[in-house]
Amino acid sequence: MTLVAGLRAAAYGVPFQPVGGVHGSDLAALNGWQKIRDPYGSGKDVYVIPAISPDIAVIHANEVDEQGNARVLGSPFWDHPLTRAAKRVLVTAERLVSSESLAARPELTLVPGFLVEAAAVVPRGAWPGSMHPLYEVDYPAVESYLRDEPGALEAHLAAAPELQ
Amino acid sequence: MDWTPFSHIVVNLARQIRPGEIAFSGVNSTLAMLACLLAKRAYDFHFTYLNVAGGVEPVPEKIPQSSSDPALVAGSPAIFGNEDFYDLCARGRLDLVFLGCAQVDGLGRTNVSVIGDWNNPKVRLPGGGGAAVMMPTARRVVTWRTEHSPRTLVEKLDFVTAAGNLQAVVTPIAVFQKRDGRLALESRNPQVALAEVTRRTGFRFDSSGARPTAPITARERAALASLDPSGEFEAAVRA
């Protein structure tokens with residue numbers, strides 16, 4: 001959540017973002033996070049997290065059109081602050097759709113195309129992770145690439161389900 | 001019927017939920033997810049169940065292995081995603097948050113960051129996933145450990161990831177509740193003697209008033225069986 005506070009600061013165009021909590025955590029000293037007194041007199045001390053602006057954000061979407069408008073179904077997790085905080089946004093998507101179909105339900109578009117630098121159509125691009133509602137986590141694939149043995153990662157990369 | 005490590009944790013986590021509350025389970029928290037789903041099936045009172053997948057009062061068709069699986073959105077009338085539930089917590093509206101830990105100390109602080117020194121770790125842990133923000137701002141936090149030992153329930157944490165409103169710790173053999181700022185033994189698995197709880201706990205604790213954990217009820221047992229018909233979750237805790 002402190003990470004998201006940093007992303008929000010960048011998205012809001014301010015140098016830092018107040019965040020609830022953090023009191024009593026060693027993470028504050030470790031990361032050099034500062035605590036400031038509420039300037040409006042509540043007497044509360046609030047941690048402020050410096051802005052984090054990623055050079056590039058890459059998100060995987062369900063649908064994208066030729067202008068880069070990207071629709072994400074299901075929970076967006078951190079896609080919204082991430083795509084607003086990053087300097088450049090790249091999209092991969094399960095399939096290419098018409099702009100008309102996105103315009104029919106504009107509230108489902110998570111990133112408008114004017115924020116997107118490039119997009120690629122990559123079916124099964126979230127594998128071995130899940131993509132709601134199309135496919136679930138592939139647990140055997142996760143377990144095999146985590147195996148501490150020569151060639152495990154190479155074999156995982158070579159599987160390339162998006163090409164099948 | 002005897003408690004198992006699995007049933008003692010899940011049922012006693014479920015018993016922390018109070019009528020009318022908003023309760024939340026996060027990532028890598030399968031036992032807490034099962035506890036929330038068990039409470040829905042075994043108890044008559046209403047509470048609101050939110051989870052890290054964005055589910056609001058979900059009615060999952062199947063019980064996923066992962067507590068962040070999109071299956072935990074099935075049946076939800078809304079998606080209340082990461083930004084929403086963290087903000088809800090920060091503004092003091094999450095009544096009960098289940099947060100995992102690697103270590104917990106007698107003051108009810110947790111470590112999810114590192115075993116050993118930060119700069120020269122024995123084990124680098126995955127991090128709090130928002131615990132540092134949620135533990136001071138949630139009304140109550142409950143944690144659990146499948147391993148009840150002096151290296152998990154410690155007098156001194158290797159690192160303080162989160163501190164604040166931790167109220168209870170549930171293990172296969174004990175339930176601790178915070179009393180006067182320290183964790184005190186509330187109940188113990190009746191199959192285990194108090195001396196064994198003391199021997200396996202790294203922090204000192206008050207055991208006055210501790211009693212055997214109340215037996216599992218028929219409804220709790222039935223709900224647990226319906227959530228784990230093949231026994232795979234139970235087997236994972238045993239392992």
# chains A, B, ... in the order shown; residues from 1 in each chain; ligands from 1

call {"tool": "closest_atom_pairs", "arguments": {"of": "chain A", "to": "chain B", "cutoff": "8 Å", "atoms": "only C-alpha atoms", "output": "Markdown table"}}
result
| residue | atom | partner | partner_atom | distance |
| --- | --- | --- | --- | --- |
| A:Met1 | CA | B:Gly130 | CA | 4.9 |
| A:Thr2 | CA | B:Gly130 | CA | 7.2 |
| A:Val19 | CA | B:Val133 | CA | 7.7 |
| A:Gly20 | CA | B:Ala90 | CA | 5.2 |
| A:Gly21 | CA | B:Val133 | CA | 4.2 |
| A:Val22 | CA | B:Ala132 | CA | 4.7 |
| A:His23 | CA | B:Pro136 | CA | 6.8 |
| A:Gly24 | CA | B:Ala163 | CA | 5.2 |
| A:Ser25 | CA | B:Ala162 | CA | 5.0 |
| A:Asp26 | CA | B:Val160 | CA | 5.2 |
| A:Leu27 | CA | B:Thr161 | CA | 6.3 |
| A:Gly74 | CA | B:Ile79 | CA | 7.4 |
| A:Ser75 | CA | B:Gly54 | CA | 5.8 |
| A:Pro76 | CA | B:Gly81 | CA | 6.9 |
| A:Phe77 | CA | B:Asn82 | CA | 5.4 |
| A:Trp78 | CA | B:Asn82 | CA | 6.8 |
| A:His132 | CA | B:Pro70 | CA | 6.6 |

call {"tool": "write_last_selection", "arguments": {"atoms": "C-alpha atoms", "output": "PDB file, in the first residue's frame"}}
result
ATOM      1  CA  MET A   1       0.000   0.000   0.000  1.00  0.00           C
ATOM      2  CA  THR A   2       2.939   2.330   0.565  1.00  0.00           C
ATOM      3  CA  VAL A  19      -0.745   7.233   3.756  1.00  0.00           C
ATOM      4  CA  GLY A  20      -2.639   5.754   6.686  1.00  0.00           C
ATOM      5  CA  GLY A  21      -0.790   3.523   9.141  1.00  0.00           C
ATOM      6  CA  VAL A  22       2.929   2.534   9.011  1.00  0.00           C
ATOM      7  CA  HIS A  23       3.296   3.610  12.673  1.00  0.00           C
ATOM      8  CA  GLY A  24       5.467   1.158  14.600  1.00  0.00           C
ATOM      9  CA  SER A  25       6.917  -0.520  11.493  1.00  0.00           C
ATOM     10  CA  ASP A  26      10.675  -0.845  10.913  1.00  0.00           C
ATOM     11  CA  LEU A  27       9.929  -0.252   7.215  1.00  0.00           C
ATOM     12  CA  GLY A  74     -12.713  -8.555 -13.350  1.00  0.00           C
ATOM     13  CA  SER A  75     -10.723  -6.904 -10.584  1.00  0.00           C
ATOM     14  CA  PRO A  76      -8.245  -4.314 -11.931  1.00  0.00           C
ATOM     15  CA  PHE A  77      -5.848  -4.807  -8.980  1.00  0.00           C
ATOM     16  CA  TRP A  78      -3.296  -1.965  -9.366  1.00  0.00           C
ATOM     17  CA  HIS A 132     -10.431 -13.739 -15.701  1.00  0.00           C
TER      18      HIS A 132
END

call {"tool": "residues_around", "arguments": {"residues": "Thr198 (chain B)", "least_positions_apart": "2", "cutoff": "12 Å", "atoms": "only C-alpha atoms", "output": "VMD selection string"}}
result
chain B and resid 148 to 150 153 to 154 173 to 174 176 184 to 185 188 192 to 196 200 to 207

call {"tool": "write_last_selection", "arguments": {"atoms": "C-alpha atoms", "output": "JSON list (two decimals), in the first residue's frame"}}
result
[["chain", "number", "residue", "atom", "x", "y", "z"],
["B", 148, "HIS", "CA", 3.59, -23.27, 16.81],
["B", 149, "SER", "CA", 7.21, -23.06, 17.89],
["B", 150, "PRO", "CA", 9.71, -20.73, 19.56],
["B", 153, "LEU", "CA", 6.07, -17.17, 18.31],
["B", 154, "VAL", "CA", 9.08, -15.19, 19.44],
["B", 173, "ILE", "CA", -2.71, -25.81, 19.78],
["B", 174, "ALA", "CA", -3.63, -22.38, 21.11],
["B", 176, "PHE", "CA", -4.03, -16.04, 22.20],
["B", 184, "ALA", "CA", -2.43, -13.85, 26.72],
["B", 185, "LEU", "CA", -3.51, -17.47, 26.39],
["B", 188, "ARG", "CA", -5.63, -24.30, 24.30],
["B", 192, "VAL", "CA", -2.33, -30.47, 24.53],
["B", 193, "ALA", "CA", -1.18, -29.64, 28.06],
["B", 194, "LEU", "CA", -0.50, -26.08, 29.17],
["B", 195, "ALA", "CA", 3.14, -27.03, 29.73],
["B", 196, "GLU", "CA", 3.50, -27.95, 26.07],
["B", 200, "ARG", "CA", 6.55, -24.28, 22.32],
["B", 201, "THR", "CA", 5.95, -20.52, 22.73],
["B", 202, "GLY", "CA", 8.94, -18.16, 22.51],
["B", 203, "PHE", "CA", 7.29, -15.21, 24.24],
["B", 204, "ARG", "CA", 6.17, -15.22, 27.85],
["B", 205, "PHE", "CA", 2.42, -14.97, 28.31],
["B", 206, "ASP", "CA", -0.29, -14.82, 30.95],
["B", 207, "SER", "CA", -2.28, -18.04, 31.08]]

call {"tool": "select_by_dssp", "arguments": {"residues": "region 41-118 of chain A", "states": "strand (DSSP E)", "output": "PyMOL selection string"}}
result
chain A and resi 45-50+56-64+70-71+88-96+109-111+118

call {"tool": "residues_around", "arguments": {"residues": "Leu50 (chain B)", "least_positions_apart": "6", "cutoff": "7 Å", "atoms": "only C-alpha atoms", "output": "list in words"}}
result
Ala23, Phe24, Ser25, Val56 and Glu57 of chain B

call {"tool": "write_last_selection", "arguments": {"atoms": "N, CA and C atoms", "output": "PDB file, in the first residue's frame"}}
result
ATOM      1  N   ALA B  23     -15.372  -8.028   7.399  1.00  0.00           N
ATOM      2  CA  ALA B  23     -14.158  -8.833   7.584  1.00  0.00           C
ATOM      3  C   ALA B  23     -13.464  -9.009   6.244  1.00  0.00           C
ATOM      4  N   PHE B  24     -12.131  -9.126   6.287  1.00  0.00           N
ATOM      5  CA  PHE B  24     -11.324  -9.150   5.057  1.00  0.00           C
ATOM      6  C   PHE B  24     -10.255 -10.229   5.133  1.00  0.00           C
ATOM      7  N   SER B  25     -10.084 -10.971   4.030  1.00  0.00           N
ATOM      8  CA  SER B  25      -8.949 -11.892   3.919  1.00  0.00           C
ATOM      9  C   SER B  25      -8.104 -11.516   2.708  1.00  0.00           C
ATOM     10  N   VAL B  56     -17.043  -9.176  -2.992  1.00  0.00           N
ATOM     11  CA  VAL B  56     -17.924  -8.653  -1.953  1.00  0.00           C
ATOM     12  C   VAL B  56     -19.004  -9.705  -1.726  1.00  0.00           C
ATOM     13  N   GLU B  57     -19.010 -10.315  -0.552  1.00  0.00           N
ATOM     14  CA  GLU B  57     -19.995 -11.353  -0.272  1.00  0.00           C
ATOM     15  C   GLU B  57     -20.026 -12.405  -1.383  1.00  0.00           C
TER      16      GLU B  57
END

call {"tool": "closest_residue", "arguments": {"among": "A:Arg84, A:Ala28, A:Gly41, A:Arg71", "to": "Val4 (chain A)", "atoms": "only C-alpha atoms"}}
result
A:Arg84
